[in-house]
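A.B. asks: Next comes upload_13.txt, compact mmCIF, C-alpha atoms and all ligand atoms:
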# COMPACT_ATOMS: atom_id res chain seq x y z
CA MET A 1 -1.56 8.29 -2.34
CA ARG A 2 1.34 8.22 0.06
CA TYR A 3 2.23 4.59 0.65
CA GLU A 4 2.70 4.96 4.39
CA LEU A 5 -0.89 6.23 4.71
CA MET A 6 -2.51 3.43 2.70
CA LEU A 7 -4.75 0.76 4.18
CA PRO A 8 -4.38 -2.83 2.92
CA HIS A 9 -7.56 -2.67 0.82
CA GLN A 10 -6.18 0.44 -0.91
CA ILE A 11 -2.89 -1.33 -1.57
CA ARG A 12 -4.80 -4.22 -3.15
CA THR A 13 -6.71 -1.75 -5.35
CA ALA A 14 -3.40 -0.19 -6.45
CA ILE A 15 -1.98 -3.63 -7.30
CA ASP A 16 -5.04 -4.76 -9.26
CA ALA A 17 -5.37 -1.48 -11.16
CA GLU A 18 -1.58 -1.34 -11.79
CA TRP A 19 -1.19 2.15 -10.36
CA PRO A 20 2.34 3.50 -10.82
CA VAL A 21 4.33 3.11 -7.58
CA VAL A 22 6.96 5.82 -7.44
CA LEU A 23 10.12 6.21 -5.36
CA PRO A 24 11.62 9.71 -5.05
CA LEU A 25 15.33 8.85 -5.16
CA GLY A 26 18.09 11.28 -4.27
CA VAL A 27 20.84 12.54 -2.03
CA LEU A 28 21.77 15.15 0.55
CA GLU A 29 24.46 17.33 -1.02
CA TYR A 30 25.97 20.79 -0.66
CA HIS A 31 24.20 23.16 -3.09
CA GLY A 32 26.05 26.40 -2.42
CA GLU A 33 25.18 28.70 0.47
CA HIS A 34 21.70 29.55 -0.84
CA LEU A 35 19.98 26.16 -1.34
CA ALA A 36 19.07 23.37 1.06
CA VAL A 37 21.10 20.16 0.91
CA GLY A 38 17.98 18.14 0.05
CA MET A 39 17.43 19.99 -3.24
CA ASP A 40 17.87 17.05 -5.63
CA THR A 41 15.36 14.94 -3.71
CA LEU A 42 12.98 17.72 -2.67
CA VAL A 43 12.36 18.67 -6.29
CA VAL A 44 11.21 15.11 -7.05
CA VAL A 45 9.05 14.96 -3.91
CA ARG A 46 7.30 18.26 -4.69
CA LEU A 47 6.64 17.32 -8.34
CA LEU A 48 5.16 13.99 -7.27
CA GLU A 49 2.87 15.86 -4.86
CA HIS A 50 1.44 17.61 -7.93
CA LEU A 51 0.91 14.32 -9.78
CA GLU A 52 -0.58 12.64 -6.71
CA ARG A 53 -3.35 15.24 -6.67
CA GLU A 54 -4.34 14.57 -10.29
CA ALA A 55 -3.84 10.82 -10.82
CA ASP A 56 -3.97 7.43 -9.10
CA ILE A 57 -0.36 6.88 -8.13
CA VAL A 58 1.40 5.53 -5.05
CA VAL A 59 4.26 7.69 -3.75
CA LEU A 60 6.77 5.83 -1.60
CA PRO A 61 8.62 7.57 1.25
CA PRO A 62 11.59 9.34 -0.37
CA PHE A 63 15.10 7.87 -0.20
CA TYR A 64 17.59 10.65 0.54
CA TYR A 65 20.68 8.57 1.37
CA GLY A 66 22.26 8.11 -2.07
CA ALA A 67 25.86 8.52 -3.16
CA SER A 68 26.14 12.31 -3.16
CA SER A 69 29.95 12.10 -3.59
CA TYR A 70 32.20 14.81 -2.21
CA ALA A 71 32.96 16.15 -5.69
CA VAL A 72 31.28 19.49 -5.01
CA ALA A 73 32.44 20.08 -1.43
CA SER A 74 33.92 18.20 1.48
CA PRO A 75 31.31 17.18 4.04
CA GLU A 76 32.80 18.89 7.10
CA ARG A 77 30.50 21.77 8.09
CA ASN A 78 29.03 21.76 4.54
CA GLY A 79 26.45 19.00 4.81
CA SER A 80 26.96 16.51 1.98
CA LEU A 81 26.09 13.01 3.20
CA HIS A 82 27.59 10.28 1.02
CA VAL A 83 26.60 6.61 1.19
CA ALA A 84 28.68 4.39 -1.09
CA SER A 85 27.01 2.73 -4.07
CA GLU A 86 28.44 -0.64 -2.97
CA VAL A 87 25.94 -0.71 -0.11
CA LEU A 88 23.14 0.96 -2.05
CA ALA A 89 22.82 -1.80 -4.66
CA PRO A 90 22.00 -4.56 -2.12
CA LEU A 91 19.60 -2.20 -0.35
CA ALA A 92 17.89 -1.38 -3.66
CA LYS A 93 17.59 -5.09 -4.47
CA GLU A 94 15.87 -5.71 -1.12
CA LEU A 95 13.63 -2.65 -1.48
CA PHE A 96 12.49 -3.50 -5.00
CA GLY A 97 12.26 -7.21 -4.17
CA GLY A 98 9.93 -6.36 -1.31
CA LEU A 99 7.73 -4.23 -3.55
CA LEU A 100 7.51 -7.10 -6.07
CA ARG A 101 6.57 -9.51 -3.24
CA ILE A 102 3.72 -7.18 -2.26
CA GLY A 103 2.49 -7.51 -5.83
CA PHE A 104 3.44 -4.27 -7.53
CA ARG A 105 4.49 -4.60 -11.19
CA ASN A 106 4.50 -0.93 -12.20
CA ILE A 107 7.36 0.46 -10.12
CA HIS A 108 9.31 3.65 -10.91
CA ALA A 109 11.97 5.85 -9.40
CA PHE A 110 12.87 9.42 -10.37
CA ILE A 111 16.32 10.82 -9.65
CA HIS A 112 17.75 14.28 -10.24
CA HIS A 113 21.32 13.83 -8.92
CA GLN A 114 24.19 13.59 -11.44
CA THR A 115 21.84 12.68 -14.30
CA GLU A 116 23.31 14.84 -17.08
CA ASN A 117 24.50 11.66 -18.84
CA PHE A 118 21.92 9.16 -17.65
CA ALA A 119 22.58 6.63 -20.40
CA ALA A 120 26.08 6.10 -19.00
CA GLY A 121 24.92 6.40 -15.40
CA MET A 122 26.35 7.57 -12.08
CA PRO A 123 26.77 5.68 -8.79
CA THR A 124 23.34 6.25 -7.19
CA ASP A 125 21.24 5.51 -10.26
CA LEU A 126 23.51 2.65 -11.36
CA ALA A 127 23.21 1.05 -7.92
CA PHE A 128 19.41 1.29 -8.02
CA ARG A 129 19.27 0.13 -11.64
CA LEU A 130 21.43 -2.89 -10.75
CA GLY A 131 19.35 -3.63 -7.64
CA ALA A 132 16.17 -3.42 -9.73
CA ARG A 133 17.47 -5.90 -12.30
CA GLN A 134 18.63 -8.31 -9.60
CA ALA A 135 15.25 -8.07 -7.85
CA VAL A 136 13.40 -8.93 -11.06
CA PHE A 137 15.67 -11.93 -11.79
CA ALA A 138 15.23 -13.15 -8.19
CA ALA A 139 11.43 -12.76 -8.35
CA LEU A 140 11.20 -14.67 -11.64
CA GLU A 141 13.39 -17.51 -10.38
CA ALA A 142 11.49 -17.71 -7.10
CA GLU A 143 8.19 -18.03 -9.00
CA HIS A 144 9.19 -20.12 -12.01
CA GLY A 145 12.51 -21.75 -11.06
CA GLU A 146 15.73 -21.77 -13.03
CA GLY A 147 15.33 -22.12 -16.77
CA TRP A 148 12.20 -19.93 -16.78
CA TRP A 149 13.36 -17.99 -19.82
CA GLY A 150 14.17 -21.08 -21.88
CA ARG A 151 10.71 -22.65 -21.60
CA GLU A 152 8.24 -22.79 -24.49
CA ALA A 153 5.88 -20.40 -22.65
CA MET A 154 8.47 -17.64 -23.15
CA SER A 155 8.66 -18.09 -26.93
CA ASP A 156 6.99 -14.69 -27.40
CA TYR A 157 9.57 -12.94 -25.17
CA TYR A 158 10.99 -10.70 -27.88
CA ALA A 159 7.53 -9.75 -29.12
CA GLN A 160 6.52 -8.91 -25.55
CA GLN A 161 9.67 -6.88 -25.10
CA ALA A 162 8.96 -4.93 -28.26
CA GLY A 163 5.54 -4.08 -26.84
CA GLY A 164 7.01 -3.04 -23.49
CA ALA A 165 5.42 -5.91 -21.55
CA ASP A 166 8.42 -7.98 -20.51
CA PRO A 167 9.28 -8.40 -16.79
CA PHE A 168 12.26 -6.06 -17.00
CA ASN A 169 9.76 -3.24 -17.33
CA TRP A 170 8.35 -3.94 -13.86
CA ILE A 171 10.86 -1.44 -12.42
CA LYS A 172 12.03 1.67 -14.27
CA ILE A 173 14.50 4.32 -13.08
CA HIS A 174 14.06 7.71 -14.76
CA PRO A 175 16.16 10.88 -14.79
CA LEU A 176 14.01 13.83 -13.71
CA LEU A 177 15.46 15.87 -16.57
CA THR A 178 15.59 13.76 -19.72
CA PRO A 179 17.96 14.73 -22.58
CA GLU A 180 14.94 16.30 -24.33
CA LEU A 181 14.23 18.46 -21.25
CA ILE A 182 17.90 19.42 -20.81
CA ALA A 183 17.65 20.95 -24.30
CA LEU A 184 14.75 23.12 -23.07
CA TYR A 185 15.65 23.95 -19.45
CA PRO A 186 19.04 24.79 -17.87
CA PHE A 187 20.68 21.76 -16.24
CA ASP A 188 23.14 22.80 -13.53
CA HIS A 189 24.18 22.35 -9.92
CA ALA A 190 22.73 25.07 -7.66
CA GLY A 191 22.74 27.49 -10.61
CA GLN A 192 19.90 29.21 -12.44
CA GLY A 193 18.02 26.00 -13.28
CA GLU A 194 18.00 24.33 -9.87
CA THR A 195 17.55 27.57 -7.95
CA SER A 196 14.55 28.52 -10.11
CA LEU A 197 12.99 25.09 -9.54
CA MET A 198 13.39 25.50 -5.79
CA LEU A 199 11.88 29.00 -5.89
CA ALA A 200 8.84 27.56 -7.69
CA LEU A 201 8.49 24.25 -5.84
CA CYS A 202 10.07 24.65 -2.42
CA PRO A 203 10.80 28.33 -1.70
CA GLU A 204 11.39 27.63 1.99
CA ALA A 205 14.55 25.72 0.94
CA ALA A 206 16.09 28.70 -0.89
CA ASP A 207 17.58 31.95 0.44
CA LEU A 208 19.00 34.16 -2.30
CA SER A 209 20.40 36.59 0.29
CA ARG A 210 22.98 33.86 1.04
CA LEU A 211 24.08 33.56 -2.59
CA SER A 212 27.83 34.10 -2.90
CA ALA A 213 30.01 34.53 -5.99
CA GLU A 214 32.59 32.21 -4.44
CA HIS A 215 31.62 29.08 -6.44
CA TRP A 216 31.59 29.00 -10.25
CA TYR A 217 28.54 26.73 -10.31
CA THR A 218 26.29 29.10 -8.33
CA ARG A 219 27.03 32.30 -10.29
CA SER A 220 24.17 31.77 -12.76
CA ALA A 221 21.75 31.54 -9.81
CA ARG A 222 21.63 35.37 -9.86
CA GLU A 223 19.41 34.91 -12.93
CA ALA A 224 17.05 32.52 -11.14
CA SER A 225 13.34 33.25 -10.85
CA ALA A 226 10.18 31.54 -9.68
CA GLU A 227 8.74 32.19 -13.16
CA LEU A 228 11.49 30.21 -14.88
CA GLY A 229 11.08 27.50 -12.25
CA ALA A 230 7.35 27.32 -12.98
CA GLU A 231 8.11 26.83 -16.68
CA GLY A 232 10.51 24.03 -15.76
CA ARG A 233 7.94 22.51 -13.44
CA GLU A 234 5.34 22.26 -16.22
CA LEU A 235 7.87 20.79 -18.69
CA ILE A 236 9.01 18.19 -16.17
CA LEU A 237 5.45 17.29 -15.10
CA THR A 238 4.55 16.62 -18.73
CA ALA A 239 7.54 14.28 -19.10
CA MET A 240 6.76 12.56 -15.77
CA ARG A 241 3.15 11.91 -16.80
CA ARG A 242 4.45 10.32 -20.01
CA ALA A 243 6.96 8.17 -18.12
CA LEU A 244 4.27 6.98 -15.71
CA GLY A 245 1.63 6.49 -18.40
CA ILE A 246 -0.86 8.83 -16.76
CA ALA A 247 -3.06 11.22 -18.69
CA CYS A 248 -2.85 14.96 -18.31
CA PRO A 249 -6.24 15.82 -16.81
CA SER A 250 -8.02 18.83 -18.24
CA GLY A 251 -7.36 21.82 -16.04
CA ALA A 252 -4.14 20.30 -14.67
CA ALA A 253 -2.10 23.35 -15.66
CA ALA A 254 -4.47 25.65 -13.79
CA ALA A 255 -4.49 23.33 -10.78
CA THR A 256 -0.69 23.19 -10.56
CA SER A 257 -0.22 26.94 -10.84
CA GLN A 258 -2.86 27.51 -8.15
CA SER A 259 -1.25 25.04 -5.78
CA SER A 260 2.11 26.79 -6.02
CA ALA A 261 0.59 29.93 -4.52
CA PRO A 262 1.67 30.54 -0.92
ZN ZN B 301 21.27 19.40 -7.48
The structure given in the file should be rewritten as structure tokens.

C.D. replies:
Amino acid sequence: MRYELMLPHQIRTAIDAEWPVVLPLGVLEYHGEHLAVGMDTLVVVRLLEHLEREADIVVLPPFYYGASSYAVASPERNGSLHVASEVLAPLAKELFGGLLRIGFRNIHAFIHHQTENFAAGMPTDLAFRLGARQAVFAALEAEHGEGWWGREAMSDYYAQQAGGADPFNWIKIHPLLTPELIALYPFDHAGQGETSLMLALCPEAADLSRLSAEHWYTRSAREASAELGAEGRELILTAMRRALGIACPSGAAAATSQSSAP
């Protein structure tokens, strides 16, 4: 369900049943002349629309105002909109802290921007990862006071952590393309991989007639196709289901290919 459309009784059901609550996290960034600037975020939004139809999840309104950087192109007349990570981290702390106050304990974000080396991190995901950690610490201290970790009741902390149940799992930030997926599907910027995903998931945000050979990173987009994008979509959906702990319903593959029809 989309969070902004939920009634309070539905929110309480989602809390009690521990539905995954998912933030599409991204940026607005120049993606060559042939793709919309929202690509990195739109791909997450469209994939979550698929999952929302097949499972009980809460989809938060997307956050587009990440740190795009001006590494690809200057903003003037090109469209990249950069918000510095220094202001994103406090915002993320407030956002995640608010979700914890509501009662959610199964919170996720997916990001597709600059995630080719997610273990090391880049400004947008690092800011949201830091904000998430700070929000969890603040929530624990508010509820249990300082010294909460040192008390006898926490003596099973490491066992809980090994089983994935410790409080630092309340909020998880995921790359849309994991290292395993990058081995199976082309990771690029506005090249074959991203253009194919847009053709499959959001064709109204792609116009191949605008493709120019001017930029090195868009040249492989000539090889893009909706078919390759559909393969990528299915691979990514499988990984997203695993990350969110939701089962693949029988017939999901048929349902997703039907829904991509115009
Ligand atoms: Zn991109």

A.B. asks: Nearest to A:Arg46 among A:Ile111, A:Leu184, A:Ile171, A:Met198, with distances taken over only C-alpha atoms: which residue is it?

C.D. replies: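 Checking each of A:Ile111, A:Leu184, A:Ile171, A:Met198 against A:Arg46, counting only C-alpha atoms, the winner is A:Met198.
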
A.B. asks: How would you write, as a list in words, the set of residues no farther than 10 Å from ligand ZN 301 (chain B) when counting all atoms listed in the file?

C.D. replies: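 Those within range of ligand ZN 301 (chain B) are Gly26, Val27, Leu28, Glu29, Tyr30, His31, Gly32, Leu35, Ala36, Val37, Gly38, Met39, Asp40, Thr41, Leu42, Val43, Ser68, His112, His113, Gln114, Thr115, Phe187, Asp188, His189, Ala190, Gly191, Gly193, Glu194 and Thr195 of chain A.
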
A.B. asks: Can you pull out every residue within 12 Å of A:Leu48, counting only C-alpha atoms, but drop anything in the same chain fewer than 6 positions away, and send it as a count of residues only?

C.D. replies: 33

A.B. asks: Using all atoms listed in the file, find each residue of stretch 104-133 of chain A with at least one atom at most 12 Å away from an atom of stretch 80-89 of chain A; report its shortest atom-to-atom pair and that distance in Å (one decimal), sort the rows by chain and rising residue number, and return the result as a Markdown table.

C.D. replies:
| residue | atom | partner | partner_atom | distance |
| --- | --- | --- | --- | --- |
| A:Met122 | CA | A:Ser85 | CA | 9.4 |
| A:Pro123 | CA | A:Ser85 | CA | 5.6 |
| A:Thr124 | CA | A:Ser85 | CA | 6.0 |
| A:Asp125 | CA | A:Ser85 | CA | 8.9 |
| A:Leu126 | CA | A:Ala89 | CA | 8.1 |
| A:Ala127 | CA | A:Ala89 | CA | 4.3 |
| A:Phe128 | CA | A:Ala89 | CA | 5.7 |
| A:Arg129 | CA | A:Ala89 | CA | 8.1 |
| A:Leu130 | CA | A:Ala89 | CA | 6.3 |
| A:Gly131 | CA | A:Ala89 | CA | 4.9 |
| A:Ala132 | CA | A:Ala89 | CA | 8.5 |
| A:Arg133 | CA | A:Ala89 | CA | 10.2 |

A.B. asks: What does the structure give for the distance between atom CA of A:Phe104 and atom CA of A:Ile15, in Å to one decimal?

C.D. replies: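 The value is 5.5 Å.
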
A.B. asks: Taking only C-alpha atoms into account, which of A:Thr13, A:Asn78, A:Ser212, A:Thr218 comes nearest A:Ser196?

C.D. replies: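 The closest residue to A:Ser196 is A:Thr218.
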
A.B. asks: Could you work out how far atom CA of A:Ala243 lies from atom CA of A:Gly103, giving the answer in Å with one decimal?

C.D. replies: 20.4 Å

A.B. asks: Please provide as a PDB file with C-alpha atoms, in the frame of the given file all residues within 7 Å of A:Leu211, with the sequence filter that same-chain residues fewer than 2 positions apart are discarded (counting only C-alpha atoms).

C.D. replies:
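Result file is part-v3.pdb:
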ATOM      1  CA  GLU A  33      25.180  28.700   0.470  1.00  0.00           C
ATOM      2  CA  HIS A  34      21.700  29.550  -0.840  1.00  0.00           C
ATOM      3  CA  LEU A 208      19.000  34.160  -2.300  1.00  0.00           C
ATOM      4  CA  SER A 209      20.400  36.590   0.290  1.00  0.00           C
ATOM      5  CA  ALA A 213      30.010  34.530  -5.990  1.00  0.00           C
TER       6      ALA A 213
END

A.B. asks: Need a file for stretch 171-203 of chain A from that block: N, CA, C and O atoms, written as an mmCIF file, in the first residue's frame.

C.D. replies:
data_model
loop_
_atom_site.group_PDB
_atom_site.id
_atom_site.type_symbol
_atom_site.label_atom_id
_atom_site.label_comp_id
_atom_site.auth_asym_id
_atom_site.auth_seq_id
_atom_site.Cartn_x
_atom_site.Cartn_y
_atom_site.Cartn_z
ATOM 1 N N ILE A 171 16.214 -0.856 10.466
ATOM 2 C CA ILE A 171 16.284 -0.046 9.239
ATOM 3 C C ILE A 171 17.436 -0.575 8.383
ATOM 4 O O ILE A 171 18.569 -0.663 8.856
ATOM 5 N N LYS A 172 17.130 -0.929 7.146
ATOM 6 C CA LYS A 172 18.166 -1.458 6.246
ATOM 7 C C LYS A 172 18.152 -0.671 4.932
ATOM 8 O O LYS A 172 17.083 -0.455 4.349
ATOM 9 N N ILE A 173 19.337 -0.285 4.484
ATOM 10 C CA ILE A 173 19.466 0.415 3.198
ATOM 11 C C ILE A 173 20.102 -0.554 2.203
ATOM 12 O O ILE A 173 21.184 -1.087 2.468
ATOM 13 N N HIS A 174 19.420 -0.784 1.088
ATOM 14 C CA HIS A 174 19.890 -1.770 0.105
ATOM 15 C C HIS A 174 20.271 -1.096 -1.213
ATOM 16 O O HIS A 174 19.563 -0.191 -1.672
ATOM 17 N N PRO A 175 21.322 -1.602 -1.883
ATOM 18 C CA PRO A 175 21.534 -1.192 -3.277
ATOM 19 C C PRO A 175 20.524 -1.926 -4.155
ATOM 20 O O PRO A 175 20.218 -3.097 -3.893
ATOM 21 N N LEU A 176 19.990 -1.248 -5.166
ATOM 22 C CA LEU A 176 19.036 -1.939 -6.048
ATOM 23 C C LEU A 176 19.738 -3.079 -6.778
ATOM 24 O O LEU A 176 19.178 -4.172 -6.914
ATOM 25 N N LEU A 177 20.952 -2.800 -7.256
ATOM 26 C CA LEU A 177 21.741 -3.856 -7.901
ATOM 27 C C LEU A 177 22.828 -4.295 -6.930
ATOM 28 O O LEU A 177 23.783 -3.557 -6.683
ATOM 29 N N THR A 178 22.674 -5.483 -6.386
ATOM 30 C CA THR A 178 23.666 -6.047 -5.468
ATOM 31 C C THR A 178 24.888 -6.502 -6.280
ATOM 32 O O THR A 178 24.807 -6.640 -7.506
ATOM 33 N N PRO A 179 26.024 -6.771 -5.623
ATOM 34 C CA PRO A 179 27.176 -7.294 -6.375
ATOM 35 C C PRO A 179 26.823 -8.547 -7.180
ATOM 36 O O PRO A 179 27.303 -8.721 -8.296
ATOM 37 N N GLU A 180 25.958 -9.407 -6.624
ATOM 38 C CA GLU A 180 25.558 -10.625 -7.351
ATOM 39 C C GLU A 180 24.806 -10.247 -8.637
ATOM 40 O O GLU A 180 24.998 -10.866 -9.688
ATOM 41 N N LEU A 181 23.941 -9.222 -8.563
ATOM 42 C CA LEU A 181 23.185 -8.816 -9.753
ATOM 43 C C LEU A 181 24.079 -8.111 -10.771
ATOM 44 O O LEU A 181 23.885 -8.250 -11.984
ATOM 45 N N ILE A 182 25.068 -7.353 -10.281
ATOM 46 C CA ILE A 182 25.973 -6.641 -11.200
ATOM 47 C C ILE A 182 26.759 -7.647 -12.048
ATOM 48 O O ILE A 182 27.152 -7.356 -13.175
ATOM 49 N N ALA A 183 26.957 -8.858 -11.495
ATOM 50 C CA ALA A 183 27.630 -9.908 -12.270
ATOM 51 C C ALA A 183 26.723 -10.461 -13.376
ATOM 52 O O ALA A 183 27.202 -11.067 -14.334
ATOM 53 N N LEU A 184 25.405 -10.230 -13.249
ATOM 54 C CA LEU A 184 24.445 -10.810 -14.197
ATOM 55 C C LEU A 184 23.821 -9.792 -15.143
ATOM 56 O O LEU A 184 23.255 -10.155 -16.178
ATOM 57 N N TYR A 185 23.879 -8.506 -14.775
ATOM 58 C CA TYR A 185 23.176 -7.475 -15.546
ATOM 59 C C TYR A 185 24.086 -6.254 -15.645
ATOM 60 O O TYR A 185 24.728 -5.885 -14.663
ATOM 61 N N PRO A 186 24.152 -5.601 -16.826
ATOM 62 C CA PRO A 186 25.098 -4.487 -16.977
ATOM 63 C C PRO A 186 24.792 -3.308 -16.048
ATOM 64 O O PRO A 186 23.673 -2.794 -16.044
ATOM 65 N N PHE A 187 25.803 -2.930 -15.246
ATOM 66 C CA PHE A 187 25.681 -1.749 -14.386
ATOM 67 C C PHE A 187 26.347 -0.592 -15.129
ATOM 68 O O PHE A 187 27.493 -0.689 -15.534
ATOM 69 N N ASP A 188 25.619 0.502 -15.315
ATOM 70 C CA ASP A 188 26.198 1.642 -16.029
ATOM 71 C C ASP A 188 25.458 2.907 -15.637
ATOM 72 O O ASP A 188 24.580 2.894 -14.766
ATOM 73 N N HIS A 189 25.829 3.998 -16.307
ATOM 74 C CA HIS A 189 25.101 5.254 -16.136
ATOM 75 C C HIS A 189 24.544 5.659 -17.488
ATOM 76 O O HIS A 189 25.294 6.072 -18.370
ATOM 77 N N ALA A 190 23.236 5.505 -17.665
ATOM 78 C CA ALA A 190 22.547 5.893 -18.901
ATOM 79 C C ALA A 190 23.003 5.085 -20.111
ATOM 80 O O ALA A 190 22.776 5.482 -21.251
ATOM 81 N N GLY A 191 23.648 3.942 -19.857
ATOM 82 C CA GLY A 191 24.087 3.064 -20.938
ATOM 83 C C GLY A 191 23.065 1.962 -21.210
ATOM 84 O O GLY A 191 21.857 2.129 -20.952
ATOM 85 N N GLN A 192 23.565 0.833 -21.674
ATOM 86 C CA GLN A 192 22.658 -0.258 -22.070
ATOM 87 C C GLN A 192 21.789 -0.742 -20.909
ATOM 88 O O GLN A 192 20.594 -0.989 -21.076
ATOM 89 N N GLY A 193 22.405 -0.885 -19.725
ATOM 90 C CA GLY A 193 21.676 -1.439 -18.583
ATOM 91 C C GLY A 193 20.550 -0.524 -18.122
ATOM 92 O O GLY A 193 19.388 -0.944 -18.011
ATOM 93 N N GLU A 194 20.876 0.722 -17.836
ATOM 94 C CA GLU A 194 19.842 1.642 -17.326
ATOM 95 C C GLU A 194 18.799 1.968 -18.387
ATOM 96 O O GLU A 194 17.608 2.061 -18.088
ATOM 97 N N THR A 195 19.248 2.130 -19.630
ATOM 98 C CA THR A 195 18.284 2.455 -20.690
ATOM 99 C C THR A 195 17.308 1.293 -20.896
ATOM 100 O O THR A 195 16.098 1.506 -21.058
ATOM 101 N N SER A 196 17.814 0.070 -20.850
ATOM 102 C CA SER A 196 16.938 -1.100 -21.009
ATOM 103 C C SER A 196 15.922 -1.161 -19.862
ATOM 104 O O SER A 196 14.734 -1.451 -20.077
ATOM 105 N N LEU A 197 16.383 -0.892 -18.635
ATOM 106 C CA LEU A 197 15.458 -0.904 -17.499
ATOM 107 C C LEU A 197 14.353 0.133 -17.685
ATOM 108 O O LEU A 197 13.184 -0.127 -17.407
ATOM 109 N N MET A 198 14.722 1.318 -18.176
ATOM 110 C CA MET A 198 13.705 2.345 -18.398
ATOM 111 C C MET A 198 12.734 1.930 -19.502
ATOM 112 O O MET A 198 11.529 2.162 -19.396
ATOM 113 N N LEU A 199 13.251 1.309 -20.561
ATOM 114 C CA LEU A 199 12.364 0.871 -21.647
ATOM 115 C C LEU A 199 11.359 -0.158 -21.141
ATOM 116 O O LEU A 199 10.216 -0.207 -21.600
ATOM 117 N N ALA A 200 11.776 -0.982 -20.168
ATOM 118 C CA ALA A 200 10.880 -2.011 -19.642
ATOM 119 C C ALA A 200 9.955 -1.470 -18.559
ATOM 120 O O ALA A 200 8.800 -1.901 -18.455
ATOM 121 N N LEU A 201 10.444 -0.546 -17.751
ATOM 122 C CA LEU A 201 9.696 -0.129 -16.553
ATOM 123 C C LEU A 201 9.033 1.224 -16.690
ATOM 124 O O LEU A 201 8.030 1.499 -16.016
ATOM 125 N N CYS A 202 9.591 2.106 -17.505
ATOM 126 C CA CYS A 202 9.113 3.485 -17.545
ATOM 127 C C CYS A 202 9.406 4.076 -18.926
ATOM 128 O O CYS A 202 10.171 5.035 -19.051
ATOM 129 N N PRO A 203 8.806 3.464 -19.981
ATOM 130 C CA PRO A 203 9.186 3.865 -21.345
ATOM 131 C C PRO A 203 8.902 5.334 -21.643
ATOM 132 O O PRO A 203 9.554 5.915 -22.518
#
